[in-house]
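Before any comments, here is the structure.
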Amino acid sequence: MAALLKEGSPLGPLKVMARQIGRFFQIPIPGFRPFVVFGPEANRKVLVTERQKVLWRNTDPVTDLLRRGVLVTDGEEHDRYRELMEAPLHPAQLPGYTRMMIEQTDRVAAAWKDGETIDMLVESRRIALLIIMQALFSKDVWNDLPRIWTPILKTIQYISPGMWIFWRRMPRVGYKRHLKVLDGYLYQMIGDRRRQTTDHSQSSVVRRPDLLQHLIDAGLSDELIRDQMLTMLIAGHDTSTALLAWTFASLGQHPKIHARLVEEVCSLDKSPLLDQVIKESLRLYPPIHIGNRRVADEMEFSDGRDSIPAGERLFYSIYLTHRDPGIWENAESFCPERFAHGRKTPPFSYVPFGGGPRACIGAAFGQAEARIVLRRLLQTHRFEFTNHRIHAHMGATLEPRPGVKMKVMKRN
Ligand code: HEM
């Protein structure tokens, strides 16, 4: 039953380098030689104790795309945007999203024909897009999906680390055409909301306390609002898509765990196994597999034996940390029980959402979404993995390629 899950390049070579060299090395590609660090000490340094020595803003496609988005700004500018964004994602707000998340999940599942084979990578993206757009911008994108789907995929492809090496030499005509469509879509939403906000004659118009409204009320320009919206749209759905798809892939390969999980979600209000499965999926397949920084002030690693000069690019590898046999027993195995009974992991050895003051702003939202969507789908449908080979593709997120094909049947 177990399908072969293998690492696509360049994850395999990275692991070989980690095994042979250790927790500090430099990728030897001419013209692109980032330093890679991993493990609890390095993570703590980059994320907390020496974070003032690194910058998020870099010369790469992510900064080019997101311009002044919260993900790629530093200092006071970053803190200002972050504060504005935190309100709608605060854990206290999450229960208010539950019904909507279930409704969007059901809506996508209603289109599945009984017994057909679907790709859970595609279906997860559909669900995640509907949810993020509704939650943050009160926008129902169902009818617009055909128009924005390809522009979103092309934009994500543009920011994939694999493309960074050739970035300057890359023909960008196709990408720019797609980005124009996406930008046009976002600016239209901003304009519509501004008109609603200022049109006092329509006293019946309800002002929504969503993220878009927060950004407008804070007096940000259309351009700055676009940058934050695009950041949240990409960061908030591509990650959830990967998490859901990898979880289905993992369940497909572990029929016993899959069966126990279905039994739990169908009989218990709270499923401990569901939490463990999601955590383990995030460990083995962290959607954000590397954190990208520019070193502003020389940094030392490995007790002073290694250093990175100012100006260099630094990746802290979540993927390598999560698969380090020095930290994890049976590091390569899918083993949700390792997280049973609230078992704790050493600090900075499990970092699917990064850490420190710039840890993922949507961590609670993303985990709640995964729990709600998975629970609902497993309760309403049976999924059978079609036993094909999957490899981990290093895109903007870690993606299961060529997809997660599953036969789906409605439960009675
Ligand atoms: C399973 C879901 C998710 C995962 C695994 C994930 C992972 C991460 C990681 C690892 C970082 C830190 C990256 C670094 O240190 O370089 C991050 C930052 C960020 N994430 Fe997420 N994320 C998820 C969901 C979300 C969602 C749902 C949103 C928005 C609704 C979101 C928005 C952001 C933003 C804006 C940042 C940058 C924060 C800052 O720099 O202050 N993420 N995410």
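In the structure tokens, each chain is lettered A, B, ... as it comes, each chain's residues begin at 1, and ligands are numbered from 1 in order of appearance.
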Exercise. Please, which residues of range 30-273 of chain A, numbered as in this document, come out strand (DSSP E or B) from DSSP, as an MDAnalysis selection string?
Worked result: chainID A and resid 32 35:37 54:55 117:119
Those same residues - all heavy atoms - I'd like them written as a short mmCIF file (atom, residue, chain, number, x, y, z; two decimals), in the first residue's frame.
data_model
loop_
_atom_site.label_atom_id
_atom_site.label_comp_id
_atom_site.auth_asym_id
_atom_site.auth_seq_id
_atom_site.Cartn_x
_atom_site.Cartn_y
_atom_site.Cartn_z
N PHE A 32 25.05 32.07 -6.88
CA PHE A 32 24.00 31.97 -5.87
C PHE A 32 24.52 31.05 -4.77
O PHE A 32 24.47 29.84 -4.90
CB PHE A 32 22.71 31.38 -6.49
CG PHE A 32 21.53 31.38 -5.55
CD1 PHE A 32 20.80 32.53 -5.33
CD2 PHE A 32 21.14 30.21 -4.88
CE1 PHE A 32 19.71 32.53 -4.47
CE2 PHE A 32 20.05 30.21 -4.03
CZ PHE A 32 19.33 31.37 -3.82
N PHE A 35 24.12 30.75 2.54
CA PHE A 35 24.52 29.92 3.68
C PHE A 35 23.27 29.25 4.25
O PHE A 35 22.20 29.88 4.31
CB PHE A 35 25.16 30.77 4.77
CG PHE A 35 26.54 31.27 4.40
CD1 PHE A 35 26.69 32.44 3.66
CD2 PHE A 35 27.66 30.55 4.77
CE1 PHE A 35 27.95 32.89 3.31
CE2 PHE A 35 28.94 31.00 4.42
CZ PHE A 35 29.08 32.17 3.69
N VAL A 36 23.41 27.98 4.63
CA VAL A 36 22.28 27.26 5.22
C VAL A 36 22.65 26.88 6.65
O VAL A 36 23.74 26.33 6.89
CB VAL A 36 21.96 25.97 4.42
CG1 VAL A 36 20.80 25.20 5.06
CG2 VAL A 36 21.64 26.31 2.97
N VAL A 37 21.77 27.20 7.60
CA VAL A 37 21.98 26.78 8.99
C VAL A 37 20.71 26.06 9.45
O VAL A 37 19.63 26.30 8.92
CB VAL A 37 22.27 27.97 9.94
CG1 VAL A 37 23.55 28.69 9.53
CG2 VAL A 37 21.11 28.95 9.98
N VAL A 54 19.83 40.43 11.20
CA VAL A 54 19.33 39.98 9.89
C VAL A 54 18.17 40.85 9.42
O VAL A 54 17.44 41.42 10.22
CB VAL A 54 18.86 38.49 9.92
CG1 VAL A 54 20.01 37.56 10.19
CG2 VAL A 54 17.73 38.28 10.91
N LEU A 55 18.02 40.90 8.09
CA LEU A 55 16.93 41.65 7.48
C LEU A 55 16.04 40.70 6.69
O LEU A 55 16.53 39.71 6.12
CB LEU A 55 17.48 42.72 6.53
CG LEU A 55 18.34 43.81 7.18
CD1 LEU A 55 18.99 44.67 6.11
CD2 LEU A 55 17.48 44.68 8.11
N THR A 117 -11.92 10.18 -9.08
CA THR A 117 -10.60 10.43 -8.52
C THR A 117 -10.32 11.93 -8.61
O THR A 117 -10.41 12.52 -9.69
CB THR A 117 -9.53 9.64 -9.29
OG1 THR A 117 -9.82 8.25 -9.11
CG2 THR A 117 -8.14 9.93 -8.76
N ILE A 118 -10.02 12.51 -7.45
CA ILE A 118 -9.77 13.96 -7.42
C ILE A 118 -8.32 14.19 -6.95
O ILE A 118 -7.70 13.29 -6.40
CB ILE A 118 -10.74 14.67 -6.46
CG1 ILE A 118 -10.73 13.99 -5.09
CG2 ILE A 118 -12.15 14.71 -7.03
CD1 ILE A 118 -11.51 14.74 -4.04
N ASP A 119 -7.84 15.39 -7.19
CA ASP A 119 -6.48 15.73 -6.74
C ASP A 119 -6.62 16.61 -5.50
O ASP A 119 -7.07 17.76 -5.58
CB ASP A 119 -5.76 16.48 -7.87
CG ASP A 119 -4.32 16.82 -7.49
OD1 ASP A 119 -3.96 16.70 -6.30
OD2 ASP A 119 -3.56 17.22 -8.39
#
Exercise. Within 7 Å of ligand 1, counting only C-alpha atoms and all ligand atoms: which residues, as a ChimeraX atom specification?
Worked result: /A:47,70-72,78,82,89,132,231-232,235-237,239-240,243,282,286-288,290-292,351-355,358-363,365-367
Problem set entry | Interatomic distance (Å, one decimal) between CA of Phe25 in chain A and CA of Lys344 in chain A |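 So the answer is 28.6 Å.
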Exercise. If you count only C-alpha atoms, which residues fall within 8 Å of range 152-162 of chain A, apart from same-chain ones fewer than 5 positions away, as a count of residues only?
Worked result: 12
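Restricting the calculation to only C-alpha atoms, the smallest distance between Arg313 in chain A and any of A:Trp328, A:Trp142, A:Tyr81, A:Trp164 is found for A:Trp164.
For the atom pair formed by CA of Gly184 in chain A and CA of Arg226 in chain A, the distance is 9.8 Å, given to one decimal.
Using only C-alpha atoms, the shortest contact distance between Thr386 in chain A and any of A:Leu244, A:Ile225, A:Leu274, A:Met120 is found at A:Met120.
With CA of Asp183 in chain A on one side and CA of Leu224 in chain A on the other, the separation reads 12.0 Å.
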Problem set entry | Thr73 in chain A surroundings by only C-alpha atoms, 7 Å radius, close-in-sequence under 5 positions cut, as a list in words | Trp56, Arg57, Arg68 and His78 of chain A
For this session: Determine, counting only C-alpha atoms, which protein, DNA and RNA residues have an atom within 12 Å of an atom of Ile278 in chain A; residues of the same chain fewer than 3 positions away are not included. Present the result as a PyMOL selection string.
Result: chain A and resi 240+242-251+261+271-275+281-287+334-340+352+366-375
Problem set entry | Counting only C-alpha atoms, the residue of A:Asp269, A:Val122, A:Asn387, A:Gly191 that sits nearest Ser221 in chain A |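 Residue with the minimum atom-to-atom distance to Ser221 in chain A: A:Gly191.
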